[in-house]
>>> print(open('final_10.cif').read())   # mmCIF, C-alpha atoms and all ligand atoms
data_my_file
#
loop_
_atom_site.label_atom_id
_atom_site.label_comp_id
_atom_site.auth_asym_id
_atom_site.auth_seq_id
_atom_site.Cartn_x
_atom_site.Cartn_y
_atom_site.Cartn_z
CA MET A 1 37.73 72.88 -173.90
CA LEU A 2 36.01 70.19 -171.78
CA ASN A 3 33.90 72.61 -169.74
CA SER A 4 32.77 74.66 -172.69
CA PHE A 5 29.26 74.26 -174.15
CA ASP A 6 27.10 75.75 -176.89
CA LEU A 7 24.22 75.85 -174.43
CA VAL A 8 24.03 75.66 -170.65
CA ILE A 9 20.52 75.00 -169.33
CA ILE A 10 19.80 75.88 -165.70
CA GLY A 11 17.15 73.61 -164.14
CA ALA A 12 16.00 70.05 -164.91
CA GLY A 13 12.23 70.52 -164.65
CA PRO A 14 9.98 69.89 -167.67
CA ALA A 15 11.37 73.03 -169.40
CA GLY A 16 15.01 72.08 -168.85
CA LEU A 17 14.44 68.48 -169.94
CA SER A 18 12.63 69.56 -173.07
CA ALA A 19 15.46 72.01 -173.84
CA ALA A 20 18.08 69.28 -173.32
CA ASP A 21 16.23 66.95 -175.68
CA ALA A 22 15.95 69.69 -178.30
CA ALA A 23 19.65 70.59 -177.92
CA GLN A 24 20.62 66.94 -178.33
CA ARG A 25 18.52 66.64 -181.50
CA GLU A 26 20.15 69.79 -182.87
CA GLY A 27 23.62 68.37 -182.24
CA LEU A 28 24.55 71.13 -179.79
CA SER A 29 27.01 70.55 -176.98
CA TYR A 30 24.94 71.25 -173.88
CA LEU A 31 24.80 70.71 -170.14
CA VAL A 32 21.82 70.89 -167.77
CA ILE A 33 22.76 72.02 -164.26
CA GLU A 34 20.18 71.16 -161.59
CA LYS A 35 20.53 72.04 -157.93
CA GLY A 36 18.16 69.31 -156.78
CA THR A 37 17.04 66.16 -158.55
CA ILE A 38 15.52 65.47 -161.97
CA ALA A 39 12.07 67.13 -161.98
CA ASP A 40 12.60 68.31 -158.42
CA THR A 41 9.44 70.42 -158.30
CA ILE A 42 7.29 67.43 -159.24
CA ARG A 43 9.18 65.23 -156.73
CA LYS A 44 8.07 67.72 -154.05
CA TYR A 45 4.35 67.54 -154.96
CA PRO A 46 2.12 65.90 -152.35
CA VAL A 47 2.50 62.12 -152.32
CA GLY A 48 0.02 60.40 -154.66
CA ARG A 49 -1.25 63.66 -156.12
CA THR A 50 -3.23 63.36 -159.34
CA MET A 51 -2.16 65.86 -161.99
CA PHE A 52 -4.62 68.41 -163.33
CA SER A 53 -3.23 67.89 -166.80
CA THR A 54 -3.91 65.09 -169.25
CA PRO A 55 -0.97 62.95 -170.49
CA ASN A 56 -0.72 64.68 -173.88
CA GLU A 57 -0.10 68.03 -172.13
CA ILE A 58 2.80 66.89 -169.94
CA GLU A 59 4.50 63.93 -171.65
CA MET A 60 7.90 64.32 -173.28
CA SER A 61 6.96 62.46 -176.45
CA GLU A 62 3.57 61.60 -177.94
CA GLY A 63 1.90 58.56 -176.39
CA SER A 64 4.79 57.79 -174.02
CA LEU A 65 3.05 58.59 -170.71
CA LYS A 66 0.54 55.83 -169.92
CA PRO A 67 -1.14 56.40 -166.57
CA VAL A 68 -3.39 53.78 -165.02
CA ARG A 69 -6.25 56.30 -164.82
CA GLU A 70 -7.17 59.21 -167.09
CA LYS A 71 -4.65 61.57 -165.47
CA PRO A 72 -1.21 60.63 -164.13
CA THR A 73 -0.19 60.72 -160.50
CA ARG A 74 2.92 62.49 -159.22
CA GLU A 75 4.70 59.12 -159.15
CA GLU A 76 3.76 58.19 -162.72
CA LEU A 77 4.85 61.60 -164.04
CA LEU A 78 8.09 61.62 -162.09
CA SER A 79 8.99 58.15 -163.33
CA HIS A 80 8.14 59.25 -166.88
CA TYR A 81 10.56 62.20 -166.71
CA ILE A 82 13.32 60.16 -165.08
CA HIS A 83 13.07 57.43 -167.72
CA PHE A 84 13.07 60.07 -170.44
CA VAL A 85 16.45 61.26 -169.11
CA LEU A 86 17.81 57.71 -168.81
CA ASP A 87 16.51 56.48 -172.16
CA ASN A 88 17.90 59.49 -174.04
CA ASP A 89 21.04 59.73 -171.94
CA LEU A 90 20.56 63.48 -171.40
CA ASN A 91 23.58 65.34 -170.06
CA ILE A 92 22.48 66.52 -166.60
CA ASN A 93 24.45 67.34 -163.46
CA THR A 94 22.19 67.10 -160.42
CA ALA A 95 22.92 68.42 -156.90
CA GLU A 96 24.81 71.34 -158.43
CA LYS A 97 23.66 74.93 -158.03
CA VAL A 98 24.39 77.80 -160.41
CA GLU A 99 25.48 80.71 -158.26
CA VAL A 100 27.03 83.36 -160.51
CA LEU A 101 26.85 84.13 -164.21
CA THR A 102 28.95 86.74 -165.98
CA GLY A 103 30.02 87.62 -169.52
CA ASN A 104 28.23 88.40 -172.73
CA ILE A 105 27.32 86.96 -176.12
CA ASP A 106 30.59 88.08 -177.73
CA SER A 107 33.07 86.73 -175.19
CA GLY A 108 30.85 83.89 -173.93
CA PHE A 109 29.21 83.41 -170.55
CA SER A 110 31.02 82.13 -167.49
CA VAL A 111 28.79 79.91 -165.32
CA LEU A 112 29.99 79.44 -161.77
CA THR A 113 28.36 76.73 -159.64
CA ASP A 114 28.96 75.44 -156.13
CA ARG A 115 31.05 72.65 -157.73
CA ASP A 116 32.64 73.87 -160.95
CA GLN A 117 32.93 76.51 -163.65
CA TYR A 118 31.72 76.36 -167.26
CA VAL A 119 31.82 78.49 -170.38
CA ALA A 120 28.65 78.78 -172.49
CA SER A 121 27.87 80.47 -175.80
CA ARG A 122 24.20 80.69 -174.80
CA VAL A 123 22.37 80.17 -171.49
CA LEU A 124 18.75 79.10 -171.00
CA PHE A 125 17.23 79.72 -167.58
CA ALA A 126 14.60 77.06 -166.80
CA ILE A 127 14.65 77.72 -163.05
CA GLY A 128 10.94 77.49 -162.25
CA ALA A 129 9.18 79.65 -159.67
CA MET A 130 9.40 77.60 -156.50
CA GLU A 131 12.51 79.11 -154.89
CA TYR A 132 10.85 81.36 -152.32
CA PRO A 133 7.60 80.12 -150.75
CA ARG A 134 5.61 83.19 -149.74
CA HIS A 135 5.33 83.94 -146.03
CA LEU A 136 2.62 85.59 -143.94
CA ASN A 137 5.35 87.43 -142.01
CA VAL A 138 3.53 87.10 -138.71
CA PHE A 139 4.70 86.30 -135.20
CA GLY A 140 5.28 82.57 -134.72
CA GLU A 141 5.69 81.68 -138.40
CA ASP A 142 9.18 80.39 -137.58
CA LEU A 143 7.78 77.70 -135.22
CA SER A 144 8.65 74.14 -136.33
CA LYS A 145 4.94 73.25 -136.63
CA VAL A 146 4.54 75.82 -139.45
CA HIS A 147 5.14 74.48 -142.97
CA HIS A 148 5.23 76.25 -146.33
CA HIS A 149 4.98 73.00 -148.20
CA PHE A 150 2.47 70.12 -147.96
CA VAL A 151 3.61 66.55 -148.59
CA GLU A 152 1.15 64.17 -146.92
CA PRO A 153 -1.62 64.19 -144.30
CA TYR A 154 -0.91 61.00 -142.34
CA ALA A 155 1.07 62.56 -139.48
CA TYR A 156 -1.88 64.75 -138.51
CA VAL A 157 -4.74 62.34 -137.74
CA ARG A 158 -6.88 63.88 -134.95
CA LYS A 159 -4.57 66.91 -134.84
CA GLU A 160 -5.78 70.51 -135.11
CA ALA A 161 -4.64 71.65 -138.56
CA LEU A 162 -4.88 75.09 -140.15
CA VAL A 163 -4.34 75.63 -143.88
CA VAL A 164 -3.91 79.23 -145.02
CA GLY A 165 -4.35 79.99 -148.73
CA GLY A 166 -6.83 80.31 -151.56
CA GLY A 167 -5.39 78.39 -154.49
CA ASN A 168 -5.52 74.77 -155.56
CA SER A 169 -2.51 73.73 -153.47
CA ALA A 170 -4.14 75.02 -150.28
CA ALA A 171 -7.50 73.51 -151.17
CA GLU A 172 -5.96 70.13 -151.98
CA ALA A 173 -4.01 70.13 -148.72
CA ALA A 174 -7.11 71.04 -146.69
CA LEU A 175 -9.08 68.32 -148.46
CA ALA A 176 -6.44 65.63 -147.89
CA LEU A 177 -6.01 66.58 -144.22
CA SER A 178 -9.74 66.61 -143.59
CA GLN A 179 -10.36 63.34 -145.43
CA GLU A 180 -7.57 61.63 -143.49
CA GLY A 181 -8.82 62.60 -140.05
CA ALA A 182 -7.13 65.89 -139.17
CA ARG A 183 -9.48 68.43 -137.57
CA THR A 184 -8.95 70.95 -140.33
CA THR A 185 -9.68 74.64 -140.75
CA MET A 186 -9.04 76.45 -144.00
CA ALA A 187 -8.49 80.21 -143.81
CA ILE A 188 -9.21 81.80 -147.18
CA PHE A 189 -9.94 85.30 -148.49
CA ARG A 190 -13.55 85.79 -149.63
CA GLU A 191 -12.44 86.78 -153.15
CA ASP A 192 -10.60 83.46 -153.50
CA TRP A 193 -13.48 81.44 -152.06
CA GLU A 194 -15.96 83.08 -154.42
CA ASN A 195 -13.69 82.99 -157.48
CA ARG A 196 -15.18 80.62 -160.09
CA ASP A 197 -13.03 81.75 -163.02
CA PRO A 198 -10.47 79.05 -163.91
CA LYS A 199 -8.48 81.61 -165.92
CA ALA A 200 -8.15 83.72 -162.77
CA GLY A 201 -6.77 80.81 -160.72
CA ALA A 202 -10.08 79.57 -159.26
CA MET A 203 -10.07 76.25 -157.44
CA LYS A 204 -10.56 73.37 -159.90
CA HIS A 205 -14.09 71.96 -159.72
CA TRP A 206 -12.79 68.46 -158.95
CA VAL A 207 -11.14 69.94 -155.85
CA ARG A 208 -14.02 72.20 -154.85
CA THR A 209 -16.73 69.53 -155.09
CA PRO A 210 -15.17 67.10 -152.54
CA LEU A 211 -14.08 70.07 -150.42
CA GLU A 212 -17.68 71.23 -150.21
CA ALA A 213 -18.72 67.67 -149.32
CA GLU A 214 -16.25 67.73 -146.40
CA ILE A 215 -17.71 71.05 -145.24
CA ALA A 216 -21.28 69.74 -145.55
CA ALA A 217 -20.32 66.65 -143.53
CA GLY A 218 -19.08 68.94 -140.75
CA ARG A 219 -15.48 67.77 -140.94
CA LEU A 220 -13.90 70.81 -142.57
CA ASN A 221 -14.21 74.33 -141.23
CA VAL A 222 -13.74 77.30 -143.59
CA ILE A 223 -13.03 80.77 -142.24
CA LEU A 224 -13.17 83.80 -144.50
CA TYR A 225 -10.32 85.73 -142.98
CA LYS A 226 -8.65 89.11 -143.19
CA GLN A 227 -5.33 88.27 -141.55
CA VAL A 228 -3.48 85.80 -139.38
CA ASP A 229 -2.39 87.74 -136.30
CA GLU A 230 -0.08 85.34 -134.49
CA ILE A 231 0.86 81.68 -134.29
CA LEU A 232 1.52 80.28 -130.83
CA GLU A 233 2.57 76.79 -129.66
CA THR A 234 -0.98 75.51 -129.17
CA GLU A 235 -3.20 78.06 -130.90
CA VAL A 236 -3.51 80.51 -133.77
CA ARG A 237 -5.19 83.89 -133.56
CA LEU A 238 -6.70 85.37 -136.67
CA THR A 239 -9.08 88.14 -137.68
CA THR A 240 -12.10 87.26 -139.81
CA GLU A 241 -13.20 89.39 -142.74
CA THR A 242 -15.85 90.95 -140.51
CA GLY A 243 -13.18 92.05 -138.03
CA GLU A 244 -13.86 89.42 -135.38
CA SER A 245 -10.84 88.01 -133.50
CA VAL A 246 -10.85 84.19 -133.44
CA VAL A 247 -8.56 81.86 -131.49
CA LEU A 248 -8.20 78.33 -132.92
CA PRO A 249 -6.64 75.41 -131.08
CA ASN A 250 -3.73 74.34 -133.25
CA ASP A 251 -1.08 71.63 -133.72
CA VAL A 252 0.09 72.34 -137.27
CA VAL A 253 -0.11 75.17 -139.82
CA PHE A 254 0.34 74.99 -143.60
CA VAL A 255 0.92 78.37 -145.24
CA LEU A 256 0.27 77.72 -148.94
CA ILE A 257 0.04 81.13 -150.55
CA GLY A 258 2.32 80.72 -153.56
CA SER A 259 6.00 81.06 -154.25
CA ASP A 260 8.37 83.19 -156.28
CA ALA A 261 11.35 82.62 -158.56
CA ASP A 262 14.85 83.71 -157.66
CA LEU A 263 15.65 86.29 -160.35
CA THR A 264 18.91 87.46 -158.73
CA ILE A 265 21.28 86.01 -161.33
CA LEU A 266 19.16 87.23 -164.25
CA LYS A 267 19.00 90.72 -162.76
CA SER A 268 22.75 90.76 -162.14
CA LEU A 269 23.21 90.20 -165.88
CA GLY A 270 20.99 93.19 -166.63
CA VAL A 271 17.81 91.30 -167.53
CA GLY A 272 14.80 93.54 -166.97
CA THR A 273 11.63 92.39 -165.18
CA GLU A 274 7.96 93.32 -165.26
CA LEU A 275 4.87 92.47 -163.26
CA GLY A 276 3.15 89.30 -164.56
CA LYS A 277 -0.29 87.96 -163.56
CA VAL A 278 0.90 86.60 -160.24
CA SER A 279 4.54 87.64 -159.86
CA GLU A 280 7.57 89.44 -161.30
CA VAL A 281 8.73 87.95 -164.62
CA PRO A 282 11.77 88.61 -166.83
CA VAL A 283 11.38 90.73 -169.94
CA TYR A 284 11.80 88.61 -173.07
CA ASP A 285 10.90 88.43 -176.75
CA PRO A 286 7.61 86.44 -176.97
CA GLU A 287 8.81 84.67 -180.14
CA THR A 288 12.38 83.71 -179.23
CA PHE A 289 12.22 83.93 -175.42
CA GLU A 290 15.55 85.75 -175.56
CA THR A 291 15.76 88.35 -172.81
CA ASN A 292 16.91 91.92 -173.30
CA VAL A 293 20.44 90.54 -172.66
CA ARG A 294 21.54 88.86 -175.89
CA GLY A 295 22.34 85.18 -175.53
CA ILE A 296 20.29 84.76 -172.33
CA TYR A 297 17.00 82.87 -172.76
CA VAL A 298 14.16 81.93 -170.40
CA ALA A 299 11.49 79.20 -170.42
CA GLY A 300 8.98 77.66 -168.07
CA HIS A 301 7.13 78.47 -164.90
CA PHE A 302 8.72 81.86 -164.12
CA THR A 303 7.76 83.32 -167.53
CA HIS A 304 4.24 84.19 -168.71
CA ALA A 305 3.94 80.57 -169.96
CA ARG A 306 3.45 78.92 -166.57
CA HIS A 307 2.09 75.42 -167.08
CA ILE A 308 3.96 72.24 -167.91
CA LYS A 309 2.61 72.12 -171.46
CA ALA A 310 4.16 75.50 -172.27
CA ALA A 311 7.31 74.62 -170.31
CA ILE A 312 7.77 71.68 -172.72
CA ASP A 313 6.59 73.39 -175.92
CA VAL A 314 8.63 76.60 -175.69
CA PRO A 315 12.14 75.00 -175.64
CA ARG A 316 11.15 72.81 -178.62
CA ARG A 317 10.51 76.02 -180.52
CA ILE A 318 13.39 78.17 -179.35
CA VAL A 319 16.33 75.74 -179.10
CA PRO A 320 16.34 75.14 -182.90
CA LEU A 321 16.44 78.94 -183.31
CA ILE A 322 19.42 79.11 -180.94
CA ALA A 323 21.12 76.27 -182.87
CA ARG A 324 20.55 77.99 -186.18
CA GLU A 325 21.97 81.25 -184.87
CA LEU A 326 25.03 79.46 -183.45
CA ARG A 327 25.65 77.69 -186.75
CA VAL A 328 25.53 80.99 -188.62
CA SER A 329 27.82 82.75 -186.13
CA GLN A 330 30.30 79.86 -186.20
CA THR A 331 30.43 79.51 -190.01
CA PRO A 332 33.86 80.71 -191.15
CA VAL A 333 33.74 83.61 -193.60
CA VAL A 334 35.69 82.71 -196.80
C1 LIG B 1 1.58 71.13 -156.05
C2 LIG B 1 1.68 71.57 -157.49
C3 LIG B 1 0.86 70.99 -158.45
C4 LIG B 1 0.96 71.35 -159.80
N1 LIG B 1 0.16 70.76 -160.72
C5 LIG B 1 0.27 71.06 -162.02
C6 LIG B 1 -0.52 70.39 -163.02
O1 LIG B 1 -1.34 69.54 -162.71
N2 LIG B 1 -0.33 70.75 -164.33
C7 LIG B 1 0.58 71.72 -164.70
O2 LIG B 1 0.72 71.99 -165.90
N3 LIG B 1 1.32 72.35 -163.78
C8 LIG B 1 1.21 72.05 -162.47
N4 LIG B 1 1.98 72.69 -161.53
C9 LIG B 1 2.98 73.66 -162.01
C10 LIG B 1 4.19 72.89 -162.58
O3 LIG B 1 4.83 72.17 -161.54
C11 LIG B 1 5.14 73.83 -163.26
O4 LIG B 1 4.47 74.46 -164.32
C12 LIG B 1 6.35 73.07 -163.83
O5 LIG B 1 7.08 72.41 -162.83
C13 LIG B 1 7.19 74.06 -164.57
O6 LIG B 1 8.34 73.43 -165.06
P1 LIG B 1 9.70 74.24 -165.12
O7 LIG B 1 10.68 73.34 -165.77
O8 LIG B 1 9.48 75.58 -165.69
O9 LIG B 1 10.08 74.54 -163.59
P2 LIG B 1 10.41 73.48 -162.36
O10 LIG B 1 9.73 72.22 -162.65
O11 LIG B 1 10.10 74.23 -161.17
O12 LIG B 1 11.96 73.26 -162.58
C14 LIG B 1 12.92 74.25 -162.27
C15 LIG B 1 14.18 73.56 -161.78
O13 LIG B 1 15.24 74.52 -161.71
C16 LIG B 1 16.06 74.19 -160.60
N5 LIG B 1 16.84 75.39 -160.25
C17 LIG B 1 16.36 76.58 -159.83
N6 LIG B 1 17.39 77.45 -159.60
C18 LIG B 1 18.54 76.76 -159.88
C19 LIG B 1 19.93 77.11 -159.81
N7 LIG B 1 20.34 78.34 -159.43
N8 LIG B 1 20.85 76.17 -160.15
C20 LIG B 1 20.45 74.93 -160.55
N9 LIG B 1 19.14 74.55 -160.62
C21 LIG B 1 18.20 75.46 -160.29
C22 LIG B 1 15.05 73.75 -159.54
O14 LIG B 1 15.65 72.95 -158.55
C23 LIG B 1 14.01 72.98 -160.38
O15 LIG B 1 14.28 71.59 -160.41
C24 LIG B 1 1.89 72.35 -160.19
C25 LIG B 1 2.71 72.95 -159.22
C26 LIG B 1 2.62 72.57 -157.89
C27 LIG B 1 3.52 73.21 -156.88
#
>>> encode(input="final_10.cif", output="structure tokens")
Amino acid sequence: MLNSFDLVIIGAGPAGLSAADAAQREGLSYLVIEKGTIADTIRKYPVGRTMFSTPNEIEMSEGSLKPVREKPTREELLSHYIHFVLDNDLNINTAEKVEVLTGNIDSGFSVLTDRDQYVASRVLFAIGAMEYPRHLNVFGEDLSKVHHHFVEPYAYVRKEALVVGGGNSAAEAALALSQEGARTTMAIFREDWENRDPKAGAMKHWVRTPLEAEIAAGRLNVILYKQVDEILETEVRLTTETGESVVLPNDVVFVLIGSDADLTILKSLGVGTELGKVSEVPVYDPETFETNVRGIYVAGHFTHARHIKAAIDVPRRIVPLIARELRVSQTPVV
């Protein structure tokens, strides 16, 4: 049947691309279904952003990513992934969203998208963890000047900008805004500001050092805050950690406090979840990455293996296991 595959892979980020490559090498019939574009999460990074990772951690094959500087930019990495797809002619449908999945390992899985329907012997979820940007849930957060995503600073020169958040994304946005002439305030919890442990998500030192230089130069204002109270057209009211109420003049707000995966389809299949370091993650076998529902696999940013390196490494390990199992189950008994 034309729409029937050994393996359907949901998502064309680094995990999905690595899985597609592995499936192709194993001679499996496979399809990647991607609701956005190839490497959509990376396409949505801030313009010109330099990666934290070195080429060997994020390239699809050894020595193939050759950035101009030590670490690649968003544009260099994106181009690398796109050319990997083109050069290897990977089977990917973009602009197609998986909406419903039913079935089981014995009868096969039925994959329903907003465009078509497919049958799959096995399904690998490589859906990332960017679906739901976290919200403050305060009055005024629905105003058009409030963003949950930062792309570039150039529209905000001499504007009053507030960045809320304590991770690297928030720090990078505050730094870029401040360096490019926005009058920037960063609202951050004390525990995040004082966190120096990289394993616990502390700001990278190459972000903190220039950030501190901006503060020392008097261009960037940092407020250790308890909560944002309300966002109005021309100002934001927040409460500092010492309980003081502060009103800031404001033109634009960036709420950069993380995001969560959409686990709805996995849960509807009966996949269990547990609390990970920063969010809810599916329950899976740490060796095979098969969930508690047989035939359903997970890889990438919404598992415990969150960085690109693991997103690429895990499918290389588990897709050959899937292929082997399929070959055994499809061998006729004589
Ligand atoms: C600003 C920023 C900077 C980062 N910098 C680094 C870094 O320097 N180094 C590093 O290792 N990591 C970094 N990360 C994290 C990195 O982006 C992730 O680890 C990586 O993207 C994970 O790859 P993935 O394939 O698991 O998920 P993603 O790349 O998120 O891919 C998941 C894909 O699934 C698609 N999808 C989701 N649901 C569906 C559906 N129902 N149907 C069809 N398609 C669907 C999405 O559109 C998406 O394209 C950064 C993240 C951000 C936000």
>>> closest_residue(input="final_10.cif", among="A:Pro72, A:Pro67, A:Pro315, A:Gly13", to="Phe52 in chain A", atoms="all atoms listed in the file")
A:Pro72
>>> closest_residue(input="final_10.cif", among="A:Leu101, A:Leu78, A:Ala126, A:Ile318", to="ligand LIG 1 (chain B)", atoms="all atoms listed in the file")
A:Ala126
>>> residues_near_point(input="final_10.cif", point="(13.4, 85.1, -171.7)", cutoff="10 Å", atoms="only C-alpha atoms", output="VMD selection string")
chain A and resid 124 to 126 266 271 to 273 281 to 300 302 to 304
>>> closest_atom_pairs(input="final_10.cif", of="range 277-334 of chain A", to="range 17-36 of chain A", cutoff="10 Å", atoms="only C-alpha atoms", output="CSV")
residue,atom,partner,partner_atom,distance
A:Ala299,CA,A:Ala19,CA,8.9
A:Ala311,CA,A:Ser18,CA,7.8
A:Ile312,CA,A:Ser18,CA,5.3
A:Asp313,CA,A:Ser18,CA,7.7
A:Val314,CA,A:Ala19,CA,8.4
A:Pro315,CA,A:Ala19,CA,4.8
A:Arg316,CA,A:Ala22,CA,5.7
A:Arg317,CA,A:Ala22,CA,8.6
A:Ile318,CA,A:Ala19,CA,8.5
A:Val319,CA,A:Ala22,CA,6.1
A:Pro320,CA,A:Glu26,CA,6.6
A:Leu321,CA,A:Glu26,CA,9.9
A:Ile322,CA,A:Ala23,CA,9.0
A:Ala323,CA,A:Glu26,CA,6.6
A:Arg324,CA,A:Glu26,CA,8.9
A:Leu326,CA,A:Leu28,CA,9.1
A:Arg327,CA,A:Leu28,CA,9.6
>>> write_last_selection(input="final_10.cif", atoms="C-alpha atoms", output="CSV table (one decimal), keeping the file's coordinate frame")
chain,number,residue,atom,x,y,z
A,299,ALA,CA,11.5,79.2,-170.4
A,311,ALA,CA,7.3,74.6,-170.3
A,312,ILE,CA,7.8,71.7,-172.7
A,313,ASP,CA,6.6,73.4,-175.9
A,314,VAL,CA,8.6,76.6,-175.7
A,315,PRO,CA,12.1,75.0,-175.6
A,316,ARG,CA,11.2,72.8,-178.6
A,317,ARG,CA,10.5,76.0,-180.5
A,318,ILE,CA,13.4,78.2,-179.4
A,319,VAL,CA,16.3,75.7,-179.1
A,320,PRO,CA,16.3,75.1,-182.9
A,321,LEU,CA,16.4,78.9,-183.3
A,322,ILE,CA,19.4,79.1,-180.9
A,323,ALA,CA,21.1,76.3,-182.9
A,324,ARG,CA,20.6,78.0,-186.2
A,326,LEU,CA,25.0,79.5,-183.4
A,327,ARG,CA,25.6,77.7,-186.8
>>> closest_residue(input="final_10.cif", among="A:Thr242, A:Gln330, A:Thr185, A:Thr41", to="Val163 in chain A", atoms="all atoms listed in the file")
A:Thr185
>>> closest_atom_pairs(input="final_10.cif", of="chain A", to="ligand LIG 1 (chain B)", cutoff="6 Å", atoms="only C-alpha atoms and all ligand atoms", output="JSON lines")
{"residue": "A:Ile10", "atom": "CA", "partner": "B:LIG1", "partner_atom": "C20", "distance": 5.3}
{"residue": "A:Gly11", "atom": "CA", "partner": "B:LIG1", "partner_atom": "O13", "distance": 3.2}
{"residue": "A:Ala12", "atom": "CA", "partner": "B:LIG1", "partner_atom": "C15", "distance": 5.0}
{"residue": "A:Gly13", "atom": "CA", "partner": "B:LIG1", "partner_atom": "O7", "distance": 3.4}
{"residue": "A:Pro14", "atom": "CA", "partner": "B:LIG1", "partner_atom": "O7", "distance": 4.0}
{"residue": "A:Ala15", "atom": "CA", "partner": "B:LIG1", "partner_atom": "O7", "distance": 3.7}
{"residue": "A:Gly16", "atom": "CA", "partner": "B:LIG1", "partner_atom": "O7", "distance": 5.5}
{"residue": "A:Ile33", "atom": "CA", "partner": "B:LIG1", "partner_atom": "C20", "distance": 5.3}
{"residue": "A:Glu34", "atom": "CA", "partner": "B:LIG1", "partner_atom": "N9", "distance": 3.7}
{"residue": "A:Lys35", "atom": "CA", "partner": "B:LIG1", "partner_atom": "C20", "distance": 3.9}
{"residue": "A:Gly36", "atom": "CA", "partner": "B:LIG1", "partner_atom": "O14", "distance": 4.8}
{"residue": "A:Ala39", "atom": "CA", "partner": "B:LIG1", "partner_atom": "O15", "distance": 5.2}
{"residue": "A:Asp40", "atom": "CA", "partner": "B:LIG1", "partner_atom": "O15", "distance": 4.2}
{"residue": "A:Thr41", "atom": "CA", "partner": "B:LIG1", "partner_atom": "O10", "distance": 4.7}
{"residue": "A:Ile42", "atom": "CA", "partner": "B:LIG1", "partner_atom": "O3", "distance": 5.8}
{"residue": "A:Tyr45", "atom": "CA", "partner": "B:LIG1", "partner_atom": "C1", "distance": 4.7}
{"residue": "A:Met51", "atom": "CA", "partner": "B:LIG1", "partner_atom": "O1", "distance": 3.8}
{"residue": "A:Phe52", "atom": "CA", "partner": "B:LIG1", "partner_atom": "O1", "distance": 3.5}
{"residue": "A:Ser53", "atom": "CA", "partner": "B:LIG1", "partner_atom": "N2", "distance": 4.8}
{"residue": "A:Lys97", "atom": "CA", "partner": "B:LIG1", "partner_atom": "N8", "distance": 3.7}
{"residue": "A:Val98", "atom": "CA", "partner": "B:LIG1", "partner_atom": "N8", "distance": 3.9}
{"residue": "A:Glu99", "atom": "CA", "partner": "B:LIG1", "partner_atom": "N7", "distance": 5.8}
{"residue": "A:Ala126", "atom": "CA", "partner": "B:LIG1", "partner_atom": "O8", "distance": 5.4}
{"residue": "A:Ile127", "atom": "CA", "partner": "B:LIG1", "partner_atom": "O13", "distance": 3.5}
{"residue": "A:Gly128", "atom": "CA", "partner": "B:LIG1", "partner_atom": "O9", "distance": 3.4}
{"residue": "A:Ala129", "atom": "CA", "partner": "B:LIG1", "partner_atom": "O11", "distance": 5.7}
{"residue": "A:Met130", "atom": "CA", "partner": "B:LIG1", "partner_atom": "O11", "distance": 5.8}
{"residue": "A:Ser169", "atom": "CA", "partner": "B:LIG1", "partner_atom": "C1", "distance": 5.5}
{"residue": "A:Gly300", "atom": "CA", "partner": "B:LIG1", "partner_atom": "O8", "distance": 3.2}
{"residue": "A:His301", "atom": "CA", "partner": "B:LIG1", "partner_atom": "O8", "distance": 3.8}
{"residue": "A:Arg306", "atom": "CA", "partner": "B:LIG1", "partner_atom": "O4", "distance": 5.1}
{"residue": "A:His307", "atom": "CA", "partner": "B:LIG1", "partner_atom": "O4", "distance": 3.8}
{"residue": "A:Ile308", "atom": "CA", "partner": "B:LIG1", "partner_atom": "O2", "distance": 3.8}
{"residue": "A:Lys309", "atom": "CA", "partner": "B:LIG1", "partner_atom": "O2", "distance": 5.9}
{"residue": "A:Ala311", "atom": "CA", "partner": "B:LIG1", "partner_atom": "O8", "distance": 5.2}
>>> residues_around(input="final_10.cif", residues="Ala174 in chain A", least_positions_apart="6", cutoff="10 Å", atoms="all atoms listed in the file", output="PyMOL selection string")
chain A and resi 150+153+161-165+168+180+182-187+211+214+220-222+254
>>> build_atoms(input="final_10.cif", residues="range 69-75 of chain A", atoms="N, CA and C atoms", output="PDB file, in the frame of the given file")
ATOM      1  N   ARG A  69      -4.961  55.615-164.653  1.00  0.00           N
ATOM      2  CA  ARG A  69      -6.250  56.300-164.820  1.00  0.00           C
ATOM      3  C   ARG A  69      -6.122  57.367-165.911  1.00  0.00           C
ATOM      4  N   GLU A  70      -7.163  58.204-166.022  1.00  0.00           N
ATOM      5  CA  GLU A  70      -7.170  59.210-167.090  1.00  0.00           C
ATOM      6  C   GLU A  70      -5.996  60.186-166.954  1.00  0.00           C
ATOM      7  N   LYS A  71      -5.727  60.597-165.705  1.00  0.00           N
ATOM      8  CA  LYS A  71      -4.650  61.570-165.470  1.00  0.00           C
ATOM      9  C   LYS A  71      -3.559  60.934-164.609  1.00  0.00           C
ATOM     10  N   PRO A  72      -2.294  61.278-164.882  1.00  0.00           N
ATOM     11  CA  PRO A  72      -1.210  60.630-164.130  1.00  0.00           C
ATOM     12  C   PRO A  72      -1.081  61.138-162.694  1.00  0.00           C
ATOM     13  N   THR A  73      -0.528  60.303-161.858  1.00  0.00           N
ATOM     14  CA  THR A  73      -0.190  60.720-160.500  1.00  0.00           C
ATOM     15  C   THR A  73       1.206  61.350-160.516  1.00  0.00           C
ATOM     16  N   ARG A  74       1.552  61.966-159.395  1.00  0.00           N
ATOM     17  CA  ARG A  74       2.920  62.490-159.220  1.00  0.00           C
ATOM     18  C   ARG A  74       3.940  61.408-159.527  1.00  0.00           C
ATOM     19  N   GLU A  75       3.720  60.202-159.012  1.00  0.00           N
ATOM     20  CA  GLU A  75       4.700  59.120-159.150  1.00  0.00           C
ATOM     21  C   GLU A  75       4.832  58.691-160.608  1.00  0.00           C
TER      22      GLU A  75
END
